[in-house]
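Text of the file run.pdb, holding PDB, C-alpha atoms:
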```
ATOM      1  CA  MET A   1     215.502  75.179  10.274
ATOM      2  CA  GLY A   2     215.571  78.950  10.098
ATOM      3  CA  ARG A   3     216.281  79.191  13.827
ATOM      4  CA  VAL A   4     219.340  76.961  13.381
ATOM      5  CA  ALA A   5     220.522  78.390  10.061
ATOM      6  CA  GLU A   6     220.869  81.994  11.232
ATOM      7  CA  PRO A   7     223.175  81.478  14.268
ATOM      8  CA  ALA A   8     225.104  78.826  12.327
ATOM      9  CA  GLY A   9     225.769  81.287   9.517
ATOM     10  CA  VAL A  10     224.410  79.036   6.758
ATOM     11  CA  SER A  11     221.368  79.080   4.539
ATOM     12  CA  VAL A  12     218.275  76.935   5.000
ATOM     13  CA  ARG A  13     219.065  75.512   1.570
ATOM     14  CA  THR A  14     222.418  74.263   2.909
ATOM     15  CA  LEU A  15     220.681  72.563   5.835
ATOM     16  CA  HIS A  16     218.227  70.929   3.423
ATOM     17  CA  HIS A  17     221.186  69.668   1.397
ATOM     18  CA  TYR A  18     222.897  68.228   4.486
ATOM     19  CA  ASP A  19     219.638  66.511   5.386
ATOM     20  CA  GLY A  20     219.202  65.160   1.886
ATOM     21  CA  ILE A  21     222.652  63.548   1.776
ATOM     22  CA  GLY A  22     222.349  62.201   5.310
ATOM     23  CA  LEU A  23     225.110  64.369   6.736
ATOM     24  CA  VAL A  24     222.991  66.156   9.360
ATOM     25  CA  ARG A  25     219.426  64.937   9.701
ATOM     26  CA  PRO A  26     217.091  66.598  12.215
ATOM     27  CA  SER A  27     215.894  63.872  14.526
ATOM     28  CA  ALA A  28     212.504  65.386  15.359
ATOM     29  CA  ARG A  29     209.516  67.158  13.856
ATOM     30  CA  THR A  30     207.351  69.939  15.226
ATOM     31  CA  ALA A  31     203.586  69.568  15.562
ATOM     32  CA  ALA A  32     203.266  71.410  12.272
ATOM     33  CA  GLY A  33     205.626  68.949  10.591
ATOM     34  CA  TYR A  34     208.708  71.143  10.396
ATOM     35  CA  ARG A  35     212.164  69.677  10.925
ATOM     36  CA  ALA A  36     213.496  70.231  14.468
ATOM     37  CA  TYR A  37     217.089  69.856  15.637
ATOM     38  CA  ALA A  38     217.777  68.139  18.954
ATOM     39  CA  ALA A  39     220.874  69.015  21.010
ATOM     40  CA  GLY A  40     222.801  66.131  19.462
ATOM     41  CA  ASP A  41     221.872  67.276  15.963
ATOM     42  CA  VAL A  42     223.173  70.775  16.666
ATOM     43  CA  GLU A  43     226.413  69.308  18.025
ATOM     44  CA  ARG A  44     226.875  67.283  14.847
ATOM     45  CA  LEU A  45     226.064  70.332  12.709
ATOM     46  CA  ARG A  46     228.668  72.344  14.584
ATOM     47  CA  GLU A  47     231.288  69.693  13.828
ATOM     48  CA  VAL A  48     230.285  69.530  10.172
ATOM     49  CA  LEU A  49     230.460  73.306   9.748
ATOM     50  CA  ALA A  50     233.787  73.541  11.593
ATOM     51  CA  TYR A  51     235.377  70.916   9.345
ATOM     52  CA  ARG A  52     233.793  72.548   6.304
ATOM     53  CA  ARG A  53     235.317  75.918   7.180
ATOM     54  CA  LEU A  54     238.689  74.235   7.502
ATOM     55  CA  GLY A  55     238.387  73.179   3.873
ATOM     56  CA  PHE A  56     237.293  69.536   4.176
ATOM     57  CA  GLY A  57     235.041  68.049   1.511
ATOM     58  CA  LEU A  58     231.621  66.710   2.451
ATOM     59  CA  ARG A  59     232.665  63.093   1.925
ATOM     60  CA  GLU A  60     235.680  63.557   4.206
ATOM     61  CA  ILE A  61     233.497  65.276   6.797
ATOM     62  CA  ALA A  62     230.996  62.423   6.768
ATOM     63  CA  GLU A  63     233.796  59.968   7.543
ATOM     64  CA  LEU A  64     235.084  62.172  10.360
ATOM     65  CA  VAL A  65     231.781  62.818  12.122
ATOM     66  CA  ASP A  66     230.715  59.181  11.739
ATOM     67  CA  ASP A  67     233.928  57.913  13.337
ATOM     68  CA  PRO A  68     232.638  55.582  16.092
ATOM     69  CA  SER A  69     235.790  56.083  18.177
ATOM     70  CA  ALA A  70     235.381  59.874  18.417
ATOM     71  CA  ASP A  71     233.020  61.761  20.729
ATOM     72  CA  ALA A  72     232.395  65.505  20.990
ATOM     73  CA  VAL A  73     235.520  66.018  23.091
ATOM     74  CA  ALA A  74     237.670  64.110  20.615
ATOM     75  CA  HIS A  75     236.308  66.226  17.762
ATOM     76  CA  LEU A  76     237.059  69.423  19.685
ATOM     77  CA  HIS A  77     240.625  68.290  20.297
ATOM     78  CA  ARG A  78     240.993  67.417  16.614
ATOM     79  CA  LEU A  79     239.546  70.751  15.507
ATOM     80  CA  ARG A  80     241.801  72.611  17.917
ATOM     81  CA  GLY A  81     244.837  70.840  16.499
ATOM     82  CA  LEU A  82     243.811  71.669  12.936
ATOM     83  CA  LEU A  83     243.333  75.327  13.829
ATOM     84  CA  LEU A  84     246.733  75.488  15.517
ATOM     85  CA  GLU A  85     248.266  73.918  12.423
ATOM     86  CA  ARG A  86     246.586  76.550  10.273
ATOM     87  CA  ARG A  87     247.921  79.278  12.555
ATOM     88  CA  ASP A  88     251.423  77.848  12.252
ATOM     89  CA  ARG A  89     251.068  77.760   8.481
ATOM     90  CA  ALA A  90     250.119  81.436   8.521
ATOM     91  CA  ASP A  91     253.083  82.231  10.781
ATOM     92  CA  ALA A  92     255.387  80.328   8.442
ATOM     93  CA  MET A  93     254.021  82.221   5.443
ATOM     94  CA  VAL A  94     254.659  85.567   7.148
ATOM     95  CA  THR A  95     258.205  84.429   7.936
ATOM     96  CA  ALA A  96     258.745  83.355   4.325
ATOM     97  CA  ILE A  97     257.444  86.666   3.000
ATOM     98  CA  ASP A  98     259.678  88.588   5.405
ATOM     99  CA  ARG A  99     262.711  86.625   4.177
ATOM    100  CA  GLU A 100     261.894  87.369   0.565
ATOM    101  CA  LEU A 101     261.314  91.070   1.297
ATOM    102  CA  ARG A 102     264.735  91.321   2.955
ATOM    103  CA  THR A 103     266.348  89.485   0.058
ATOM    104  CA  ARG A 104     264.757  91.826  -2.473
ATOM    105  CA  ALA A 105     265.628  94.890  -0.371
ATOM    106  CA  LYS A 106     269.290  93.900  -0.714
ATOM    107  CA  GLY A 107     268.903  93.902  -4.486
ATOM    108  CA  LEU A 108     269.289  90.131  -4.705
ATOM    109  CA  GLU A 109     267.263  87.978  -7.062
ATOM    110  CA  VAL A 110     264.832  85.372  -5.813
ATOM    111  CA  THR A 111     264.734  82.348  -8.093
ATOM    112  CA  PRO A 112     261.400  80.814  -9.140
ATOM    113  CA  GLU A 113     262.295  77.671  -7.177
ATOM    114  CA  GLU A 114     262.908  79.721  -4.030
ATOM    115  CA  GLN A 115     259.597  81.512  -4.506
ATOM    116  CA  LEU A 116     257.736  78.228  -4.828
ATOM    117  CA  ASN A 117     259.530  76.743  -1.845
ATOM    118  CA  MET A 118     258.616  79.782   0.246
ATOM    119  CA  LEU A 119     254.939  79.966  -0.600
ATOM    120  CA  GLY A 120     254.117  76.609  -2.107
ATOM    121  CA  ALA A 121     253.200  73.184  -0.855
ATOM    122  CA  ARG A 122     256.443  72.800   1.087
ATOM    123  CA  LEU A 123     255.890  75.943   3.167
ATOM    124  CA  TYR A 124     254.706  74.161   6.309
ATOM    125  CA  ASP A 125     257.734  71.885   6.225
ATOM    126  CA  ALA A 126     259.809  74.937   7.117
ATOM    127  CA  ILE A 127     258.454  74.777  10.654
ATOM    128  CA  GLY A 128     259.801  71.310  11.283
ATOM    129  CA  GLY A 129     261.579  70.272   8.138
ATOM    130  CA  ALA A 130     264.319  68.406  10.002
ATOM    131  CA  TYR A 131     262.053  66.506  12.383
ATOM    132  CA  THR A 132     262.872  63.171  10.822
ATOM    133  CA  ALA A 133     266.594  63.826  11.258
ATOM    134  CA  THR A 134     266.712  65.239  14.791
ATOM    135  CA  ARG A 135     263.438  64.453  16.579
ATOM    136  CA  ARG A 136     263.312  60.916  17.891
ATOM    137  CA  THR A 137     262.420  59.180  21.119
ATOM    138  CA  ASP A 138     264.789  59.741  24.024
ATOM    139  CA  PRO A 139     264.537  56.536  26.094
ATOM    140  CA  ARG A 140     264.946  58.343  29.426
ATOM    141  CA  ILE A 141     262.070  60.734  28.819
ATOM    142  CA  ALA A 142     260.012  57.898  27.342
ATOM    143  CA  ALA A 143     260.564  55.809  30.474
ATOM    144  CA  ARG A 144     259.090  58.589  32.637
ATOM    145  CA  ILE A 145     256.021  58.900  30.427
ATOM    146  CA  TRP A 146     255.409  55.159  30.116
ATOM    147  CA  ASP A 147     255.829  54.729  33.852
ATOM    148  CA  ALA A 148     253.182  57.416  34.374
ATOM    149  CA  LEU A 149     250.802  55.540  32.059
ATOM    150  CA  GLY A 150     250.990  52.624  34.463
ATOM    151  CA  ASP A 151     248.751  49.706  33.544
ATOM    152  CA  ALA A 152     246.783  51.596  30.907
ATOM    153  CA  ARG A 153     246.118  49.309  27.983
ATOM    154  CA  THR A 154     245.166  52.090  25.582
ATOM    155  CA  VAL A 155     246.459  55.627  24.906
ATOM    156  CA  LEU A 156     244.998  58.761  23.332
ATOM    157  CA  ASN A 157     247.831  60.878  21.937
ATOM    158  CA  VAL A 158     246.612  64.514  21.824
ATOM    159  CA  GLY A 159     248.859  67.268  20.485
ATOM    160  CA  ALA A 160     252.060  65.254  20.812
ATOM    161  CA  GLY A 161     253.766  66.475  17.680
ATOM    162  CA  THR A 162     255.691  63.637  16.071
ATOM    163  CA  GLY A 163     254.323  61.137  18.599
ATOM    164  CA  SER A 164     257.778  60.126  19.789
ATOM    165  CA  TYR A 165     256.522  59.069  23.212
ATOM    166  CA  GLU A 166     253.396  57.182  22.282
ATOM    167  CA  PRO A 167     253.630  53.467  23.165
ATOM    168  CA  ALA A 168     253.219  51.490  19.979
ATOM    169  CA  ASP A 169     251.088  48.796  21.599
ATOM    170  CA  ARG A 170     248.329  50.967  23.134
ATOM    171  CA  ARG A 171     245.708  53.673  22.239
ATOM    172  CA  VAL A 172     242.871  55.487  24.221
ATOM    173  CA  ALA A 173     243.724  55.622  27.958
ATOM    174  CA  ARG A 174     241.924  56.275  31.242
ATOM    175  CA  HIS A 175     245.027  57.765  32.812
ATOM    176  CA  VAL A 176     245.902  61.353  31.934
ATOM    177  CA  VAL A 177     249.599  62.033  31.359
ATOM    178  CA  VAL A 178     250.690  65.439  30.053
ATOM    179  CA  LEU A 179     254.221  66.434  29.092
ATOM    180  CA  THR A 180     254.207  70.225  29.301
ATOM    181  CA  PHE A 181     256.232  73.291  30.257
ATOM    182  CA  ASP A 182     256.286  75.286  33.493
ATOM    183  CA  THR A 183     255.867  79.042  33.143
ATOM    184  CA  ASP A 184     254.619  79.511  36.722
ATOM    185  CA  GLU A 185     258.013  79.605  38.379
ATOM    186  CA  PRO A 186     259.255  83.186  38.907
ATOM    187  CA  GLY A 187     262.110  83.937  36.549
ATOM    188  CA  TRP A 188     261.396  80.884  34.408
ATOM    189  CA  GLN A 189     262.764  82.775  31.401
ATOM    190  CA  ASP A 190     266.259  82.579  32.934
ATOM    191  CA  ARG A 191     266.344  78.799  33.411
ATOM    192  CA  PHE A 192     267.831  78.240  29.975
ATOM    193  CA  TRP A 193     270.831  80.249  28.830
ATOM    194  CA  LEU A 194     269.594  80.360  25.225
ATOM    195  CA  THR A 195     266.414  82.252  26.102
ATOM    196  CA  ARG A 196     268.085  84.271  28.861
ATOM    197  CA  ASP A 197     271.038  85.571  26.876
ATOM    198  CA  TYR A 198     270.144  85.246  23.211
ATOM    199  CA  LEU A 199     266.435  84.777  22.550
ATOM    200  CA  PRO A 200     264.256  86.818  24.954
ATOM    201  CA  GLU A 201     261.473  86.638  22.322
ATOM    202  CA  PHE A 202     260.812  83.116  23.581
ATOM    203  CA  THR A 203     258.855  84.718  26.424
ATOM    204  CA  GLY A 204     256.394  86.102  23.886
ATOM    205  CA  VAL A 205     255.955  82.693  22.258
ATOM    206  CA  LEU A 206     254.655  81.343  25.570
ATOM    207  CA  ALA A 207     252.767  84.490  26.566
ATOM    208  CA  GLU A 208     249.403  82.725  26.381
ATOM    209  CA  PHE A 209     250.632  79.359  27.580
ATOM    210  CA  PRO A 210     248.319  77.954  30.287
ATOM    211  CA  SER A 211     249.673  77.916  33.814
ATOM    212  CA  LEU A 212     251.044  74.667  35.149
ATOM    213  CA  ALA A 213     248.927  74.981  38.290
ATOM    214  CA  GLY A 214     245.818  75.560  36.208
ATOM    215  CA  MET A 215     246.430  72.487  34.063
ATOM    216  CA  ALA A 216     247.188  70.358  37.108
ATOM    217  CA  ASP A 217     244.020  71.508  38.885
ATOM    218  CA  ALA A 218     241.898  70.903  35.798
ATOM    219  CA  ILE A 219     242.762  67.206  35.660
ATOM    220  CA  GLY A 220     243.589  66.624  39.329
ATOM    221  CA  ALA A 221     247.242  65.919  38.598
ATOM    222  CA  ARG A 222     250.554  66.247  40.348
ATOM    223  CA  ALA A 223     253.528  67.760  38.549
ATOM    224  CA  GLU A 224     256.955  66.167  38.330
ATOM    225  CA  PRO A 225     260.103  67.652  36.769
ATOM    226  CA  VAL A 226     261.491  65.934  33.682
ATOM    227  CA  PRO A 227     265.223  66.722  33.451
ATOM    228  CA  VAL A 228     266.649  66.961  29.946
ATOM    229  CA  PRO A 229     269.676  64.630  29.510
ATOM    230  CA  TRP A 230     272.835  66.304  28.265
ATOM    231  CA  ASP A 231     272.857  64.000  25.244
ATOM    232  CA  CYS A 232     269.094  64.019  24.684
ATOM    233  CA  ALA A 233     268.268  62.103  21.502
ATOM    234  CA  ASP A 234     265.100  64.098  20.893
ATOM    235  CA  GLY A 235     266.125  67.397  19.321
ATOM    236  CA  LEU A 236     263.591  69.527  21.159
ATOM    237  CA  PHE A 237     264.300  73.199  21.830
ATOM    238  CA  GLU A 238     266.194  72.622  25.101
ATOM    239  CA  ALA A 239     267.931  69.413  24.002
ATOM    240  CA  TYR A 240     271.332  70.961  23.294
ATOM    241  CA  TRP A 241     271.784  72.880  26.542
ATOM    242  CA  ARG A 242     275.264  71.341  26.988
ATOM    243  CA  ARG A 243     276.036  71.292  23.260
ATOM    244  CA  PRO A 244     275.601  74.973  22.326
ATOM    245  CA  GLY A 245     277.256  74.680  18.943
ATOM    246  CA  ALA A 246     274.287  72.652  17.730
ATOM    247  CA  TYR A 247     272.110  75.770  17.734
ATOM    248  CA  LEU A 248     274.313  77.223  15.015
ATOM    249  CA  GLU A 249     273.255  74.408  12.660
ATOM    250  CA  GLU A 250     270.390  75.214  10.323
ATOM    251  CA  ARG A 251     269.119  71.626  10.253
ATOM    252  CA  VAL A 252     268.875  71.559  14.041
ATOM    253  CA  ARG A 253     266.934  74.817  14.270
ATOM    254  CA  ARG A 254     264.534  73.794  11.504
ATOM    255  CA  ALA A 255     263.306  70.951  13.727
ATOM    256  CA  MET A 256     262.219  73.485  16.381
ATOM    257  CA  SER A 257     259.046  75.466  15.760
ATOM    258  CA  VAL A 258     260.227  78.158  18.195
ATOM    259  CA  TRP A 259     262.493  79.696  15.573
ATOM    260  CA  THR A 260     259.640  80.105  13.127
ATOM    261  CA  ARG A 261     257.495  81.664  15.828
ATOM    262  CA  VAL A 262     260.078  84.305  16.849
ATOM    263  CA  GLY A 263     260.823  85.255  13.244
ATOM    264  CA  PRO A 264     263.956  85.425  11.103
ATOM    265  CA  GLU A 265     265.364  88.655  12.546
ATOM    266  CA  ALA A 266     265.398  87.315  16.109
ATOM    267  CA  GLU A 267     266.815  84.011  14.861
ATOM    268  CA  GLU A 268     269.620  85.623  12.927
ATOM    269  CA  ARG A 269     270.549  87.881  15.840
ATOM    270  CA  ALA A 270     270.517  85.032  18.355
ATOM    271  CA  VAL A 271     272.621  82.746  16.162
ATOM    272  CA  ARG A 272     275.118  85.486  15.397
ATOM    273  CA  SER A 273     275.498  86.448  19.089
ATOM    274  CA  LEU A 274     275.827  82.841  20.198
ATOM    275  CA  GLY A 275     278.435  82.158  17.520
ATOM    276  CA  ASP A 276     280.445  85.183  18.612
ATOM    277  CA  ASP A 277     280.312  84.150  22.275
ATOM    278  CA  LEU A 278     281.356  80.586  21.500
ATOM    279  CA  ALA A 279     284.290  81.832  19.460
ATOM    280  CA  SER A 280     285.402  84.319  22.128
ATOM    281  CA  GLY A 281     284.932  81.919  25.060
ATOM    282  CA  ARG A 282     282.323  84.133  26.677
ATOM    283  CA  TRP A 283     279.665  81.397  26.574
ATOM    284  CA  ALA A 284     281.995  79.024  28.420
ATOM    285  CA  GLU A 285     282.722  81.680  31.054
ATOM    286  CA  ARG A 286     279.025  82.176  31.696
ATOM    287  CA  ASN A 287     277.982  78.541  31.581
ATOM    288  CA  GLY A 288     281.023  76.551  32.648
ATOM    289  CA  ASP A 289     279.078  75.005  35.528
ATOM    290  CA  LEU A 290     276.975  73.025  33.031
ATOM    291  CA  VAL A 291     279.858  70.874  31.839
ATOM    292  CA  GLY A 292     279.687  68.497  34.784
ATOM    293  CA  LEU A 293     275.898  67.985  34.690
ATOM    294  CA  ASP A 294     274.305  64.872  33.241
ATOM    295  CA  ALA A 295     270.822  66.430  33.093
ATOM    296  CA  ALA A 296     269.228  69.827  33.661
ATOM    297  CA  ASP A 297     265.813  70.991  34.816
ATOM    298  CA  LEU A 298     264.776  73.411  32.080
ATOM    299  CA  GLY A 299     261.069  73.504  32.761
ATOM    300  CA  LEU A 300     259.698  70.289  31.291
ATOM    301  CA  ARG A 301     256.999  68.884  33.546
ATOM    302  CA  LEU A 302     255.019  65.659  33.636
ATOM    303  CA  LEU A 303     251.445  65.865  34.901
ATOM    304  CA  ARG A 304     250.099  62.573  36.212
ATOM    305  CA  ALA A 305     246.409  62.116  36.977
TER     306      ALA A 305
END
```
So that I can check it, write out the structure of this file as structure tokens.
Amino acid sequence: MGRVAEPAGVSVRTLHHYDGIGLVRPSARTAAGYRAYAAGDVERLREVLAYRRLGFGLREIAELVDDPSADAVAHLHRLRGLLLERRDRADAMVTAIDRELRTRAKGLEVTPEEQLNMLGARLYDAIGGAYTATRRTDPRIAARIWDALGDARTVLNVGAGTGSYEPADRRVARHVVVLTFDTDEPGWQDRFWLTRDYLPEFTGVLAEFPSLAGMADAIGARAEPVPVPWDCADGLFEAYWRRPGAYLEERVRRAMSVWTRVGPEAEERAVRSLGDDLASGRWAERNGDLVGLDAADLGLRLLRA
């Protein structure tokens, strides 16, 4: 047990406790009668400790690791999603603190309700607080995804946000279909006028985004463009490319995590500049060619394997 406890960063007493409650039981014994962990035991311990460090209770963890539908890969995907959520929560908290600091620097009062809304239980809602109002399935994008799923009877939805494009009648699938974003194309930052002219910080948001070619090679997939309809029903970041005034609406931006990631200063500057250009007609001069388009290729890609 000592050999396992030290690299795992826990005490032998903790391992004895996990054994006693049936959470992680070593499946073998040494010749001297000591408990010995097989590879599968160590894998289970890793999952238990990872969930524990994310704040889950032991009873919850037991239900998670005993889930018969989840293997090691499924647990890793779940853990990754939880960690990303935690990172987004931290980003949202920094944004909230920055807002309050600016408010106080102006000599304005921050009400108790505002303080609780900033740093309380509703903090994470700030990232996508308007999802229910603006994020819904666009049938044209859905058709592309469901066509790619082919005859799959089951679907595993990994990291799909609100799940707008998950068929309601299927779960874990053999086909691999990924809706992603292309940052391989030279000058990809200039595809969308919003990031090109008003929000260059978007490049930093995707700085560590995996390459499209790398993802395609990893799963043996081919990439297909997914044009965004001009009247896209799903209020994703690029959805309003032909309806620029929408980006001036607070409720629309709150359904896009990008704005939280770039921070309030970049958001305020971008919104102010866009508003000025719409009022002066400068936006129309720059982007008049978009008016006659029914859909635009703004970097969304479908990987089919």
Counting only C-alpha atoms, note down every residue that has an atom within 12 Å of the point (263.6, 83.4, 32.0) (file coordinates), as a PyMOL selection string. chain A and resi 182-204+206+298-299
Rounded to one decimal, what separation in Å do you get between atom CA of A:Leu179 and atom CA of A:Ile145? 7.9 Å
Apply the PyMOL selection byres ((chain A and resi 48-58) around 9) to the structure shown and report the selected residues as number ranges by chain. A: 8, 10, 23-24, 43-47, 59-65, 79, 82-83, 86
Could you please take those selected residues and save C-alpha atoms as a CSV table (one decimal), keeping the file's coordinate frame?
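Just written: part_19.csv:
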```
chain,number,residue,atom,x,y,z
A,8,ALA,CA,225.1,78.8,12.3
A,10,VAL,CA,224.4,79.0,6.8
A,23,LEU,CA,225.1,64.4,6.7
A,24,VAL,CA,223.0,66.2,9.4
A,43,GLU,CA,226.4,69.3,18.0
A,44,ARG,CA,226.9,67.3,14.8
A,45,LEU,CA,226.1,70.3,12.7
A,46,ARG,CA,228.7,72.3,14.6
A,47,GLU,CA,231.3,69.7,13.8
A,59,ARG,CA,232.7,63.1,1.9
A,60,GLU,CA,235.7,63.6,4.2
A,61,ILE,CA,233.5,65.3,6.8
A,62,ALA,CA,231.0,62.4,6.8
A,63,GLU,CA,233.8,60.0,7.5
A,64,LEU,CA,235.1,62.2,10.4
A,65,VAL,CA,231.8,62.8,12.1
A,79,LEU,CA,239.5,70.8,15.5
A,82,LEU,CA,243.8,71.7,12.9
A,83,LEU,CA,243.3,75.3,13.8
A,86,ARG,CA,246.6,76.6,10.3
```
Just give me the residues with any atom within 10 Å of (271.3, 82.3, 15.2), file coordinates, counting only C-alpha atoms, written as a list in words. Tyr198, Leu199, Tyr247, Leu248, Glu249, Glu250, Arg253, Trp259, Pro264, Glu265, Ala266, Glu267, Glu268, Arg269, Ala270, Val271, Arg272, Ser273, Leu274 and Gly275 of chain A
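The closest residue to A:Ala28, picked from A:Phe181, A:Leu302, A:Ser11, A:Asp41 and counting only C-alpha atoms, is A:Asp41.
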Resolved residues for the PyMOL selection byres ((chain A and resi 4) around 12) as a ChimeraX atom specification: /A:1-3,5-16,26,35-39,41-43,45-46
Nearest to A:Ser257 among A:Gly292, A:Glu85, A:Pro227, A:Ala32, with distances taken over only C-alpha atoms: which residue is it? A:Glu85
Using all atoms listed in the file, which of the listed residues (A:Val176, A:Leu290, A:Ala142, A:Leu101) sits closest to A:Ala218? A:Val176
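Proximity ranking of A:Val177, A:Ala92, A:Leu300, A:Val252 relative to A:Gly150 places A:Val177 first, based on only C-alpha atoms.
The two atoms in question, atom CA of A:Thr137 and atom CA of A:Ala305, are spaced 22.7 Å apart.
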Selection in question (the file shown): the PyMOL selection byres ((chain A and resi 95) around 12). Which residues does it include, as a VMD selection string? chain A and resid 88 to 94 96 to 102 118 to 119 123 to 124 126 to 127 257 259 to 267
From the list A:Trp146, A:Pro229, A:Leu303, A:Phe237, the nearest residue to A:Met215 using all atoms listed in the file is A:Leu303
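Our summary of the geometry notes that atom CA of A:Ala223 is positioned 14.1 Å from atom CA of A:Pro210.
For the choices A:Asp217, A:Ala255, A:Pro68, A:Trp241, the atom-to-atom distance to A:Asp289 is smallest for A:Trp241 when using all atoms listed in the file.
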Expected axis-aligned box over every listed atom of stretch 16-33 of chain A, 4 Å added per side, centre plus edges in Å to one decimal, as lines of an AutoDock Vina configuration file:
```
center_x = 214.2
center_y = 66.8
center_z = 8.5
size_x = 29.8
size_y = 17.2
size_z = 22.2
```
Could stretch 252-263 of chain A be completed with N, CA, C and O atoms and written as a short mmCIF file (atom, residue, chain, number, x, y, z; two decimals), keeping the file's coordinate frame, please?
```
data_model
loop_
_atom_site.label_atom_id
_atom_site.label_comp_id
_atom_site.auth_asym_id
_atom_site.auth_seq_id
_atom_site.Cartn_x
_atom_site.Cartn_y
_atom_site.Cartn_z
N VAL A 252 269.34 71.73 12.66
CA VAL A 252 268.88 71.56 14.04
C VAL A 252 267.76 72.55 14.36
O VAL A 252 266.73 72.19 14.91
N ARG A 253 267.95 73.80 13.97
CA ARG A 253 266.93 74.82 14.27
C ARG A 253 265.65 74.57 13.51
O ARG A 253 264.56 74.86 14.01
N ARG A 254 265.74 74.01 12.29
CA ARG A 254 264.53 73.79 11.50
C ARG A 254 263.64 72.72 12.11
O ARG A 254 262.49 72.57 11.69
N ALA A 255 264.13 71.96 13.05
CA ALA A 255 263.31 70.95 13.73
C ALA A 255 262.68 71.51 15.00
O ALA A 255 262.12 70.76 15.79
N MET A 256 262.77 72.82 15.19
CA MET A 256 262.22 73.48 16.38
C MET A 256 261.29 74.60 15.93
O MET A 256 261.73 75.58 15.33
N SER A 257 260.01 74.47 16.23
CA SER A 257 259.05 75.47 15.76
C SER A 257 259.26 76.84 16.38
O SER A 257 258.80 77.85 15.86
N VAL A 258 259.99 76.88 17.51
CA VAL A 258 260.23 78.16 18.20
C VAL A 258 260.84 79.18 17.25
O VAL A 258 260.46 80.36 17.25
N TRP A 259 261.78 78.76 16.43
CA TRP A 259 262.49 79.70 15.57
C TRP A 259 261.56 80.32 14.54
O TRP A 259 261.71 81.50 14.19
N THR A 260 260.62 79.55 14.05
CA THR A 260 259.64 80.10 13.13
C THR A 260 258.75 81.11 13.84
O THR A 260 258.40 82.16 13.28
N ARG A 261 258.39 80.79 15.08
CA ARG A 261 257.50 81.66 15.83
C ARG A 261 258.14 83.00 16.18
O ARG A 261 257.46 84.03 16.18
N VAL A 262 259.43 83.04 16.47
CA VAL A 262 260.08 84.30 16.85
C VAL A 262 260.44 85.14 15.63
O VAL A 262 260.64 86.35 15.75
N GLY A 263 260.53 84.51 14.46
CA GLY A 263 260.82 85.26 13.24
C GLY A 263 262.29 85.26 12.88
O GLY A 263 263.17 85.04 13.73
#
```
